[in-house]
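Structure first, commentary second.
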Amino acid sequence: MKTLLIIITFAISLNACGQSKQQMEGYDLIEKIYSSGEEVPVEVKLSEEEWKEKLPSESYNVLRQQGTESAYTGKYWNSKETGTYYSLASGQPLFLSDAKFDSGCGWPSFFEPIDKNAIIYRADNAHGMQRIEILDSKSGSHLGHVFNDGPPPTGLRYCLNSAAMVFVPLGENPKDYGVGD
């Protein structure tokens with residue numbers, strides 16, 4: 001029964017965050033999309049062994065191995081707190097809670113990053129889908145995917161894994177959470 005539940009959850013998650021070839025339009029705000037597998041320029045360069053030491057195992061799986069959490073299981077998918085979401089890999093700010101919305105897909109969703117340079121985009125053709133992977137621009141670590149079915153003003157939905165982020169409540173010091181400059 002547990003195996004069947006896992007298979008059903010995986011199938012639902014692929015459907016919730018998948019894109020067909022016909023849906024690959026409407027990404028006008030994205031200036032550059034790297035090819036699948038193309039190396040991207042980053043500031044933080046660690047060996048995989050160093051990443052394994054730095055990151056919790058679930059976060060390592062997501063950030064460095066392009067894994068994903070099961071839908072509705074990440075600690076931030078339903079969070080309504082006010083503050084800033086940072087990359088767990090590099091500590092750079094990624095999204096404000098003001099840009100977060102309930103997309104119904106089971107992962108934290110945002111309609112725009114804090115800074116357009118915080119995200120790198122790369123084509124992802126895994127699992128028989130055409131998607132656009134989003135990476136932390138400082139470390140090249142996998143955060144999730146972006147889709148063209150979000151709300152105004154961008155029309156984009158940045159679908160992230162909670163394990164890739166650290167949330168810092170408004171008014172709190174990011175350094176107290178192990179992130180920030």
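The way I read the labels, and the way they are meant: chains A, B, ... in the order of the structure tokens, residue 1 as the first residue of every chain, and ligand 1 as the first ligand shown, with later ones counted on from there.
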
Sorted by chain and rising residue number, list the residues of segment 92-113 of chain A at most 12 Å from segment 133-138 of chain A (counting only C-alpha atoms), each with its closest atom pair and distance in Å to one decimal, as a tab-separated table.
residue	atom	partner	partner_atom	distance
A:Gln92	CA	A:Lys138	CA	7.5
A:Pro93	CA	A:Asp136	CA	9.5
A:Leu94	CA	A:Asp136	CA	8.0
A:Phe95	CA	A:Asp136	CA	11.3
A:Glu112	CA	A:Ile134	CA	12.0
A:Pro113	CA	A:Ile134	CA	10.8

For the residues selected in the previous step, produce a file with C-alpha atoms as a PDB file, in the first residue's frame.
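Contents of the output file again17.pdb:
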ATOM      1  CA  GLN A  92      21.798  34.536  -1.320  1.00  0.00           C
ATOM      2  CA  PRO A  93      18.282  35.990  -1.079  1.00  0.00           C
ATOM      3  CA  LEU A  94      15.927  34.477  -3.660  1.00  0.00           C
ATOM      4  CA  PHE A  95      12.275  35.390  -3.018  1.00  0.00           C
ATOM      5  CA  GLU A 112       9.132  36.645  -9.240  1.00  0.00           C
ATOM      6  CA  PRO A 113      12.576  36.479  -7.651  1.00  0.00           C
TER       7      PRO A 113
END

10 Å contact set for Glu38 of chain A, only C-alpha atoms, chain neighbours under 5 positions out, as a PyMOL selection string: chain A and resi 33+122-123

I need the residues from that last selection saved to file as a tab-separated table (two decimals), in the first residue's frame (with C-alpha atoms), if you can.
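Below is the file again_35.tsv, written as the result:
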chain	number	residue	atom	x	y	z
A	33	ILE	CA	18.10	29.69	-20.90
A	122	ARG	CA	18.40	25.77	-17.79
A	123	ALA	CA	16.38	23.52	-20.09

Using DSSP on the backbone coordinates, identify the residues of segment 23-175 of chain A assigned to alpha helix (DSSP H); present them as a count of residues only. 16

As a count of residues only, please: all residues of chain A that backbone DSSP puts in strand (DSSP E or B). 42

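Atom to atom, atom CA of Lys175 of chain A and atom CA of Trp77 of chain A stand 23.0 Å apart.
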
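Atom CA of Leu55 of chain A is found 26.5 Å from atom CA of Ser35 of chain A.
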
At a cut-off of 10 Å, using only C-alpha atoms, what residues contact Asn78 of chain A? Leave out same-chain residues fewer than 2 positions from it and give the result as an MDAnalysis selection string. chainID A and resid 72:76 80:81 100:102 104 106:109

Take the residues from that selection and put them in a file with N, CA and C atoms, as a PDB file, in the first residue's frame.
ATOM      1  N   TYR A  72       3.339  18.645  -1.039  1.00  0.00           N
ATOM      2  CA  TYR A  72       2.690  18.909   0.241  1.00  0.00           C
ATOM      3  C   TYR A  72       3.471  18.394   1.445  1.00  0.00           C
ATOM      4  N   THR A  73       4.779  18.198   1.297  1.00  0.00           N
ATOM      5  CA  THR A  73       5.569  17.710   2.418  1.00  0.00           C
ATOM      6  C   THR A  73       6.642  18.696   2.880  1.00  0.00           C
ATOM      7  N   GLY A  74       7.054  19.626   2.044  1.00  0.00           N
ATOM      8  CA  GLY A  74       8.106  20.577   2.406  1.00  0.00           C
ATOM      9  C   GLY A  74       7.621  21.571   3.453  1.00  0.00           C
ATOM     10  N   LYS A  75       8.529  22.044   4.292  1.00  0.00           N
ATOM     11  CA  LYS A  75       8.119  22.895   5.412  1.00  0.00           C
ATOM     12  C   LYS A  75       7.609  24.273   4.992  1.00  0.00           C
ATOM     13  N   TYR A  76       7.869  24.711   3.757  1.00  0.00           N
ATOM     14  CA  TYR A  76       7.426  26.048   3.348  1.00  0.00           C
ATOM     15  C   TYR A  76       6.262  26.054   2.356  1.00  0.00           C
ATOM     16  N   LYS A  80       2.779  31.076   5.453  1.00  0.00           N
ATOM     17  CA  LYS A  80       2.221  32.400   5.148  1.00  0.00           C
ATOM     18  C   LYS A  80       2.969  33.491   5.917  1.00  0.00           C
ATOM     19  N   GLU A  81       4.114  33.155   6.507  1.00  0.00           N
ATOM     20  CA  GLU A  81       4.907  34.128   7.254  1.00  0.00           C
ATOM     21  C   GLU A  81       5.502  35.175   6.318  1.00  0.00           C
ATOM     22  N   LYS A 100       5.022  35.216  -2.917  1.00  0.00           N
ATOM     23  CA  LYS A 100       4.583  33.829  -2.732  1.00  0.00           C
ATOM     24  C   LYS A 100       3.072  33.744  -2.917  1.00  0.00           C
ATOM     25  N   PHE A 101       2.616  32.663  -3.530  1.00  0.00           N
ATOM     26  CA  PHE A 101       1.185  32.448  -3.711  1.00  0.00           C
ATOM     27  C   PHE A 101       0.872  30.961  -3.653  1.00  0.00           C
ATOM     28  N   ASP A 102      -0.387  30.640  -3.421  1.00  0.00           N
ATOM     29  CA  ASP A 102      -0.815  29.243  -3.366  1.00  0.00           C
ATOM     30  C   ASP A 102      -1.193  28.798  -4.769  1.00  0.00           C
ATOM     31  N   GLY A 104      -1.441  25.602  -5.636  1.00  0.00           N
ATOM     32  CA  GLY A 104      -2.154  24.329  -5.574  1.00  0.00           C
ATOM     33  C   GLY A 104      -1.314  23.137  -5.988  1.00  0.00           C
ATOM     34  N   GLY A 106       1.522  22.052  -4.370  1.00  0.00           N
ATOM     35  CA  GLY A 106       2.131  21.363  -3.236  1.00  0.00           C
ATOM     36  C   GLY A 106       3.555  21.752  -2.938  1.00  0.00           C
ATOM     37  N   TRP A 107       4.098  22.704  -3.669  1.00  0.00           N
ATOM     38  CA  TRP A 107       5.434  23.231  -3.413  1.00  0.00           C
ATOM     39  C   TRP A 107       5.336  24.744  -3.233  1.00  0.00           C
ATOM     40  N   PRO A 108       6.288  25.353  -2.523  1.00  0.00           N
ATOM     41  CA  PRO A 108       6.283  26.812  -2.424  1.00  0.00           C
ATOM     42  C   PRO A 108       6.368  27.415  -3.827  1.00  0.00           C
ATOM     43  N   SER A 109       5.476  28.363  -4.115  1.00  0.00           N
ATOM     44  CA  SER A 109       5.427  28.977  -5.445  1.00  0.00           C
ATOM     45  C   SER A 109       5.505  30.494  -5.324  1.00  0.00           C
TER      46      SER A 109
END

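Using only C-alpha atoms for every distance, the candidate list A:Phe147, A:Asp176, A:Lys116, A:Arg157 yields A:Phe147 as the residue closest to Gln130 of chain A.
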
Option closest in space to Phe167 of chain A, from A:Thr82, A:Ser57, A:Thr68, A:Ser36 [counting only C-alpha atoms]: A:Thr82

Which residue, A:Leu46, A:Leu96, A:Val179, A:Leu143, has the smallest gap to Ala164 of chain A when you use only C-alpha atoms?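 Going through A:Leu46, A:Leu96, A:Val179, A:Leu143 one by one, the smallest distance to Ala164 of chain A is for A:Leu143.
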
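Proximity of A:Asp115, A:Asn125, A:Gly91, A:Ser139 to Gly180 of chain A, computed with only C-alpha atoms, is greatest for A:Gly91.
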
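The smallest atom-to-atom distance between Gly67 of chain A and any of A:Ala163, A:Val42, A:Ile120, A:Val168, using only C-alpha atoms, is found for A:Ala163.
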
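Separating atom CA of Leu156 of chain A from atom CA of Gln65 of chain A is a distance of 24.2 Å.
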
Report as a PyMOL selection string all protein, DNA and RNA residues lying within 6 Å of Leu63 of chain A, evaluated on only C-alpha atoms, omitting residues in the same chain fewer than 4 positions from it. chain A and resi 59+141-142+164

Those residues you just picked out, can you put them in a file as a PDB file, in the first residue's frame with C-alpha atoms?
ATOM      1  CA  SER A  59      18.933  19.240   0.792  1.00  0.00           C
ATOM      2  CA  SER A 141      22.384  24.447  -7.267  1.00  0.00           C
ATOM      3  CA  HIS A 142      18.952  23.140  -8.280  1.00  0.00           C
ATOM      4  CA  ALA A 164      16.648  24.150  -1.052  1.00  0.00           C
TER       5      ALA A 164
END
